[in-house]
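Reproduced below: run-v5.cif, with mmCIF, C-alpha atoms and all ligand atoms.
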data_data
#
loop_
_atom_site.label_atom_id
_atom_site.label_comp_id
_atom_site.auth_asym_id
_atom_site.auth_seq_id
_atom_site.Cartn_x
_atom_site.Cartn_y
_atom_site.Cartn_z
CA MET A 272 -0.12 15.44 -77.88
CA THR A 273 -0.66 16.91 -81.31
CA GLY A 274 -3.71 18.96 -82.16
CA VAL A 275 -5.26 16.12 -84.18
CA PRO A 276 -7.12 13.58 -82.04
CA ASP A 277 -5.73 10.05 -81.82
CA THR A 278 -2.49 10.92 -83.55
CA THR A 279 1.14 11.19 -82.53
CA LEU A 280 3.73 13.10 -84.52
CA LEU A 281 7.44 12.32 -84.27
CA ALA A 282 9.96 14.43 -86.18
CA GLN A 283 13.33 12.89 -87.05
CA LEU A 284 16.40 15.00 -87.72
CA SER A 285 19.56 13.21 -88.72
CA ASP A 286 23.30 13.54 -89.26
CA PRO A 287 23.79 17.26 -88.65
CA HIS A 288 27.58 16.70 -88.19
CA VAL A 289 28.16 19.97 -86.40
CA ASP A 290 31.76 20.78 -85.45
CA ALA A 291 32.98 23.27 -82.91
CA GLY A 292 34.66 26.27 -84.53
CA PRO A 293 34.41 27.76 -88.03
CA SER A 294 34.59 24.38 -89.78
CA GLY A 295 31.16 23.66 -88.31
CA ASP A 296 29.50 26.90 -89.35
CA ALA A 297 27.74 25.59 -92.48
CA ALA A 298 26.45 22.51 -90.62
CA ALA A 299 25.31 24.72 -87.75
CA ARG A 300 23.40 27.03 -90.10
CA ALA A 301 21.78 23.98 -91.70
CA LEU A 302 20.72 22.58 -88.32
CA ALA A 303 19.31 25.98 -87.34
CA ALA A 304 17.23 25.94 -90.54
CA ALA A 305 15.98 22.43 -89.69
CA VAL A 306 15.01 23.53 -86.19
CA ALA A 307 13.17 26.52 -87.65
CA ALA A 308 11.30 24.18 -90.01
CA VAL A 309 10.24 21.96 -87.11
CA LEU A 310 9.07 25.01 -85.16
CA GLU A 311 6.86 26.02 -88.08
CA LEU A 312 4.96 22.73 -88.01
CA ASP A 313 1.35 22.96 -86.92
CA PRO A 314 0.49 20.85 -85.07
CA ALA A 315 3.86 20.65 -83.38
CA PRO A 316 5.55 17.24 -83.11
CA ASP A 317 5.19 15.44 -79.80
CA ALA A 318 8.93 14.72 -79.79
CA VAL A 319 12.04 15.02 -81.94
CA LEU A 320 14.36 12.12 -82.63
CA LEU A 321 18.01 12.86 -83.49
CA SER A 322 19.21 9.77 -85.35
CA GLY A 323 22.93 10.14 -84.83
CA ASP A 324 26.11 11.86 -86.00
CA LEU A 325 25.11 14.99 -84.14
CA VAL A 326 28.74 16.08 -84.35
CA ASN A 327 31.72 15.25 -86.53
CA ASP A 328 34.33 15.07 -83.79
CA PRO A 329 32.83 14.39 -80.41
CA GLY A 330 33.81 16.87 -77.75
CA GLU A 331 32.18 19.02 -75.12
CA GLU A 332 32.30 22.15 -77.26
CA ALA A 333 30.73 20.52 -80.31
CA TYR A 334 27.94 18.95 -78.23
CA ALA A 335 27.32 22.28 -76.48
CA ARG A 336 26.93 23.91 -79.90
CA VAL A 337 24.39 21.28 -81.00
CA ARG A 338 22.54 21.58 -77.70
CA ASP A 339 22.29 25.36 -78.13
CA LEU A 340 21.04 24.96 -81.71
CA LEU A 341 18.36 22.51 -80.56
CA ALA A 342 17.39 24.55 -77.50
CA PRO A 343 14.46 26.36 -79.23
CA LEU A 344 12.64 23.01 -79.59
CA PRO A 345 10.19 22.82 -76.68
CA MET A 346 9.32 19.13 -77.06
CA PRO A 347 11.31 16.13 -75.70
CA LEU A 348 14.46 15.22 -77.65
CA HIS A 349 15.56 11.61 -78.02
CA VAL A 350 19.14 11.13 -79.17
CA VAL A 351 20.65 8.14 -80.97
CA ALA A 352 24.41 7.50 -81.03
CA GLY A 353 26.08 7.55 -84.45
CA ASN A 354 29.56 6.51 -85.48
CA HIS A 355 30.74 10.11 -85.13
CA ASP A 356 29.27 10.39 -81.63
CA ASP A 357 30.40 9.52 -78.15
CA PRO A 358 27.50 7.91 -76.24
CA ASP A 359 28.74 9.38 -72.97
CA GLY A 360 29.11 12.80 -74.61
CA LEU A 361 25.44 12.54 -75.62
CA ARG A 362 24.54 11.60 -72.07
CA ALA A 363 26.44 14.60 -70.71
CA ALA A 364 24.97 17.07 -73.20
CA PHE A 365 21.39 15.84 -73.47
CA GLY A 366 20.77 13.89 -70.27
CA ALA A 367 20.32 10.70 -72.30
CA PRO A 368 19.66 7.65 -70.13
CA GLY A 369 22.04 4.92 -68.98
CA GLN A 370 25.35 4.47 -67.25
CA ALA A 371 28.68 5.76 -68.56
CA GLY A 372 30.47 3.23 -70.73
CA GLU A 373 27.28 1.38 -71.63
CA PRO A 374 25.63 1.39 -75.07
CA LEU A 375 23.08 4.21 -75.40
CA GLN A 376 19.95 2.06 -75.51
CA TYR A 377 16.67 3.11 -73.98
CA GLU A 378 12.92 3.17 -74.25
CA ALA A 379 10.74 6.27 -74.46
CA ARG A 380 7.05 6.92 -74.82
CA VAL A 381 6.00 9.34 -77.56
CA GLY A 382 2.23 9.72 -77.41
CA LYS A 383 0.80 6.45 -78.67
CA LEU A 384 4.18 5.18 -79.83
CA ARG A 385 6.81 3.24 -77.98
CA LEU A 386 10.27 4.27 -79.11
CA LEU A 387 13.13 1.80 -78.69
CA VAL A 388 16.52 3.40 -79.26
CA CYS A 389 19.38 1.05 -80.12
CA ASP A 390 23.10 1.83 -80.15
CA THR A 391 24.81 0.36 -83.23
CA THR A 392 28.14 2.09 -82.71
CA VAL A 393 31.47 0.27 -82.54
CA GLY A 394 34.14 2.16 -80.61
CA GLY A 395 36.91 3.40 -82.90
CA ALA A 396 35.17 2.23 -86.09
CA HIS A 397 32.53 3.57 -88.47
CA HIS A 398 30.58 0.41 -89.28
CA GLY A 399 27.70 -0.80 -87.09
CA ALA A 400 26.97 -3.80 -84.89
CA LEU A 401 24.42 -5.05 -82.40
CA ASP A 402 26.60 -7.52 -80.51
CA GLY A 403 27.48 -7.56 -76.83
CA GLY A 404 23.89 -8.01 -75.66
CA ARG A 405 22.44 -5.10 -77.64
CA LEU A 406 20.20 -7.25 -79.85
CA GLU A 407 19.17 -9.29 -76.81
CA TRP A 408 18.14 -6.05 -75.09
CA LEU A 409 15.94 -5.20 -78.10
CA ALA A 410 14.46 -8.71 -78.12
CA ALA A 411 13.52 -8.44 -74.44
CA ARG A 412 11.97 -4.99 -74.88
CA LEU A 413 9.94 -6.16 -77.88
CA GLN A 414 8.79 -9.27 -76.04
CA ALA A 415 7.67 -7.15 -73.08
CA ALA A 416 5.03 -5.22 -75.09
CA ARG A 417 3.91 -7.18 -78.11
CA ASP A 418 0.77 -5.12 -78.71
CA THR A 419 2.12 -1.58 -78.43
CA PRO A 420 2.82 0.26 -81.70
CA THR A 421 6.59 0.56 -81.73
CA VAL A 422 9.26 2.47 -83.63
CA VAL A 423 12.81 1.12 -83.44
CA ALA A 424 15.53 3.74 -83.96
CA MET A 425 19.18 3.02 -84.75
CA HIS A 426 21.90 4.95 -86.56
CA HIS A 427 23.16 2.25 -88.97
CA PRO A 428 20.30 0.99 -91.14
CA PRO A 429 19.82 -2.67 -91.98
CA LEU A 430 19.80 -1.92 -95.71
CA MET A 431 22.25 -1.36 -98.56
CA THR A 432 22.55 1.89 -100.49
CA GLY A 433 24.50 0.66 -103.54
CA ALA A 434 27.38 3.01 -102.69
CA ALA A 435 29.96 0.34 -101.87
CA ALA A 436 32.05 2.55 -99.63
CA MET A 437 28.97 3.44 -97.58
CA ASP A 438 27.78 -0.16 -97.47
CA GLU A 439 31.13 -1.21 -95.98
CA LEU A 440 30.14 1.03 -93.07
CA ALA A 441 26.74 -0.66 -92.64
CA LEU A 442 25.58 -2.98 -89.89
CA VAL A 443 27.70 -6.13 -90.09
CA PRO A 444 25.90 -8.83 -92.13
CA ALA A 445 25.48 -11.29 -89.23
CA ASP A 446 23.71 -8.65 -87.14
CA ARG A 447 21.55 -7.56 -90.09
CA THR A 448 20.41 -11.16 -90.43
CA ALA A 449 19.79 -11.58 -86.72
CA LEU A 450 17.89 -8.29 -86.56
CA GLY A 451 15.68 -9.41 -89.46
CA GLU A 452 14.93 -12.70 -87.74
CA LEU A 453 13.99 -10.89 -84.56
CA LEU A 454 11.78 -8.30 -86.25
CA ALA A 455 9.95 -10.94 -88.30
CA GLY A 456 8.27 -12.04 -85.07
CA HIS A 457 7.22 -8.56 -84.00
CA PRO A 458 4.53 -7.02 -86.18
CA GLN A 459 4.07 -4.29 -83.55
CA VAL A 460 7.22 -2.70 -85.02
CA LEU A 461 5.67 -0.21 -87.43
CA ARG A 462 8.99 1.21 -88.62
CA VAL A 463 12.74 0.91 -88.17
CA VAL A 464 14.07 4.45 -88.54
CA CYS A 465 17.72 5.21 -89.13
CA GLY A 466 20.30 7.77 -90.17
CA HIS A 467 23.91 7.33 -91.31
CA VAL A 468 23.36 7.06 -95.07
CA HIS A 469 22.48 10.77 -95.59
CA CYS A 470 19.53 10.06 -97.87
CA ALA A 471 15.92 8.94 -97.70
CA ALA A 472 15.84 5.22 -98.52
CA VAL A 473 13.23 2.53 -97.95
CA GLY A 474 13.87 -1.15 -97.35
CA SER A 475 12.84 -3.87 -94.94
CA ALA A 476 14.22 -6.11 -92.23
CA GLY A 477 12.26 -9.21 -91.31
CA ASN A 478 9.38 -7.78 -93.34
CA ARG A 479 9.28 -4.71 -91.13
CA PRO A 480 9.69 -1.46 -93.05
CA VAL A 481 12.99 0.40 -92.72
CA LEU A 482 13.30 4.10 -93.54
CA THR A 483 16.43 6.24 -93.46
CA ALA A 484 16.50 10.00 -93.04
CA PRO A 485 18.21 12.60 -95.18
CA SER A 486 20.82 14.69 -93.40
CA THR A 487 19.99 18.17 -92.22
CA HIS A 488 23.20 19.20 -94.03
CA LEU A 489 25.01 17.03 -96.64
CA GLN A 490 23.35 14.34 -98.79
CA LEU A 491 24.73 11.13 -100.30
CA ARG A 492 24.88 11.48 -104.09
CA ALA A 493 23.10 8.61 -105.84
CA ASN A 494 25.64 8.65 -108.67
CA SER A 495 28.69 8.28 -106.49
CA ARG A 496 30.02 5.14 -108.27
CA GLY A 497 30.71 3.27 -105.08
CA ARG A 498 32.27 6.24 -103.33
CA ILE A 499 30.81 8.22 -100.48
CA GLU A 500 30.14 11.55 -102.13
CA LEU A 501 28.37 13.98 -99.83
CA ALA A 502 27.03 17.17 -101.35
CA PRO A 503 24.94 20.17 -100.30
CA ASP A 504 21.90 18.81 -102.14
CA PRO A 505 18.52 19.81 -100.66
CA PRO A 506 18.32 18.74 -97.01
CA GLY A 507 15.30 17.39 -95.19
CA PHE A 508 13.93 15.52 -92.24
CA LEU A 509 11.31 12.86 -91.56
CA LEU A 510 7.88 13.15 -90.04
CA HIS A 511 6.26 10.03 -88.64
CA LEU A 512 2.51 10.33 -88.02
CA ALA A 513 0.95 7.56 -85.94
CA HIS A 514 -2.79 7.30 -86.44
CA PRO A 515 -5.44 4.66 -85.75
CA ASP A 516 -4.68 2.92 -89.07
CA GLY A 517 -0.91 2.75 -88.62
CA LEU A 518 2.07 4.96 -89.27
CA THR A 519 2.67 7.34 -92.17
CA SER A 520 6.20 8.64 -92.73
CA ARG A 521 7.07 11.47 -95.07
CA VAL A 522 10.11 13.46 -96.06
CA GLN A 523 9.92 17.16 -95.33
CA PRO A 524 12.34 19.25 -97.40
CA ILE A 525 14.15 22.14 -95.70
CA LEU A 526 14.87 25.45 -97.35
CA ARG A 527 18.54 26.28 -96.83
CA ALA A 528 19.20 29.38 -94.80
FE FE B 1 26.49 10.84 -90.86
FE FE B 2 27.04 7.75 -89.53
#

Could you render the structure from this file as structure tokens?
Amino acid sequence: MTGVPDTTLLAQLSDPHVDAGPSGDAAARALAAAVAAVLELDPAPDAVLLSGDLVNDPGEEAYARVRDLLAPLPMPLHVVAGNHDDPDGLRAAFGAPGQAGEPLQYEARVGKLRLLVCDTTVGGAHHGALDGGRLEWLAARLQAARDTPTVVAMHHPPLMTGAAAMDELALVPADRTALGELLAGHPQVLRVVCGHVHCAAVGSAGNRPVLTAPSTHLQLRANSRGRIELAPDPPGFLLHLAHPDGLTSRVQPILRA
């Protein structure tokens, strides 16, 4: 638990995109700076959520590099699969739950919060989906604890950025609609937290608030005229503070190393 009574603090790092080898050096330095920033927090977070795209090209070496960079964090890590990840690679590197070949979906307790991690990845593609029983899994988990403050985490956010090329890689429209219909009946969902879009953006799904995280490395330029233009703009991460009146989320900038 954090040092403040009746509170829970969850840090969310996203989209570090670390590669094995020299091409991953800048991303690795950026992730190290993010880890250092988390370690400076007082009180310390109860857990850290990694909201996907931990690596660029999934492989044992790249995941080992990320694992080593995250090793200084003493609190539990909860990983989310992104479109650049391999769910089984995440299981192998981080001991994430579930059977090989299955979507990386699981439930975790973080202090007062219930964390439901969804897998929106589509093998061999970069857009997102919640088909194949994944949305039904979320529905059943939400139904099972209607009164517990809950955070739902998924890589692809159910919101548009305005950068057309990025929005083509969003959750498919049918699943966005279905997710909104599901969430509308679950006010215990205090936040849907996501990565993928490499910027902090706020929206809603079924009247539940959606928040996306900046990347620990490269950010989506707002003036990218429909293109995906990622630039070394100031990085950051999210802090979610659960307290007796609800959940407060903030963006914490990171000083580059
Ligand atoms: Fe990403
Ligand atoms: Fe992504």

Spatial sel., origin (26.4, 22.6, -89.2), limit 12 Å, all atoms listed in the file, listed as a JSON list (two decimals) with C-alpha atoms, keeping the file's coordinate frame:
[["chain", "number", "residue", "atom", "x", "y", "z"],
["A", 285, "SER", "CA", 19.56, 13.21, -88.72],
["A", 286, "ASP", "CA", 23.30, 13.54, -89.26],
["A", 287, "PRO", "CA", 23.79, 17.26, -88.65],
["A", 288, "HIS", "CA", 27.58, 16.70, -88.19],
["A", 289, "VAL", "CA", 28.16, 19.97, -86.40],
["A", 290, "ASP", "CA", 31.76, 20.78, -85.45],
["A", 291, "ALA", "CA", 32.98, 23.27, -82.91],
["A", 292, "GLY", "CA", 34.66, 26.27, -84.53],
["A", 293, "PRO", "CA", 34.41, 27.76, -88.03],
["A", 294, "SER", "CA", 34.59, 24.38, -89.78],
["A", 295, "GLY", "CA", 31.16, 23.66, -88.31],
["A", 296, "ASP", "CA", 29.50, 26.90, -89.35],
["A", 297, "ALA", "CA", 27.74, 25.59, -92.48],
["A", 298, "ALA", "CA", 26.45, 22.51, -90.62],
["A", 299, "ALA", "CA", 25.31, 24.72, -87.75],
["A", 300, "ARG", "CA", 23.40, 27.03, -90.10],
["A", 301, "ALA", "CA", 21.78, 23.98, -91.70],
["A", 302, "LEU", "CA", 20.72, 22.58, -88.32],
["A", 303, "ALA", "CA", 19.31, 25.98, -87.34],
["A", 304, "ALA", "CA", 17.23, 25.94, -90.54],
["A", 305, "ALA", "CA", 15.98, 22.43, -89.69],
["A", 306, "VAL", "CA", 15.01, 23.53, -86.19],
["A", 324, "ASP", "CA", 26.11, 11.86, -86.00],
["A", 325, "LEU", "CA", 25.11, 14.99, -84.14],
["A", 326, "VAL", "CA", 28.74, 16.08, -84.35],
["A", 327, "ASN", "CA", 31.72, 15.25, -86.53],
["A", 333, "ALA", "CA", 30.73, 20.52, -80.31],
["A", 334, "TYR", "CA", 27.94, 18.95, -78.23],
["A", 336, "ARG", "CA", 26.93, 23.91, -79.90],
["A", 337, "VAL", "CA", 24.39, 21.28, -81.00],
["A", 340, "LEU", "CA", 21.04, 24.96, -81.71],
["A", 341, "LEU", "CA", 18.36, 22.51, -80.56],
["A", 486, "SER", "CA", 20.82, 14.69, -93.40],
["A", 487, "THR", "CA", 19.99, 18.17, -92.22],
["A", 488, "HIS", "CA", 23.20, 19.20, -94.03],
["A", 489, "LEU", "CA", 25.01, 17.03, -96.64],
["A", 503, "PRO", "CA", 24.94, 20.17, -100.30],
["A", 506, "PRO", "CA", 18.32, 18.74, -97.01],
["A", 527, "ARG", "CA", 18.54, 26.28, -96.83],
["A", 528, "ALA", "CA", 19.20, 29.38, -94.80]]

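Between atom CA of Gln523 of chain A and atom CA of Leu375 of chain A the separation is 27.2 Å.
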
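Using only C-alpha atoms and all ligand atoms, the smallest distance between any of A:Arg462, A:His355, A:Arg447, A:Arg362 and ligand FE 1 (chain B) comes from A:His355.
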
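Between atom CA of Leu384 of chain A and atom CA of Pro420 of chain A there is a distance of 5.4 Å.
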
As number ranges by chain, please: the residues near Ala352 of chain A (cut-off 6 Å, all atoms listed in the file, same-chain neighbours under 2 positions excluded).
A: 323, 356, 358, 390
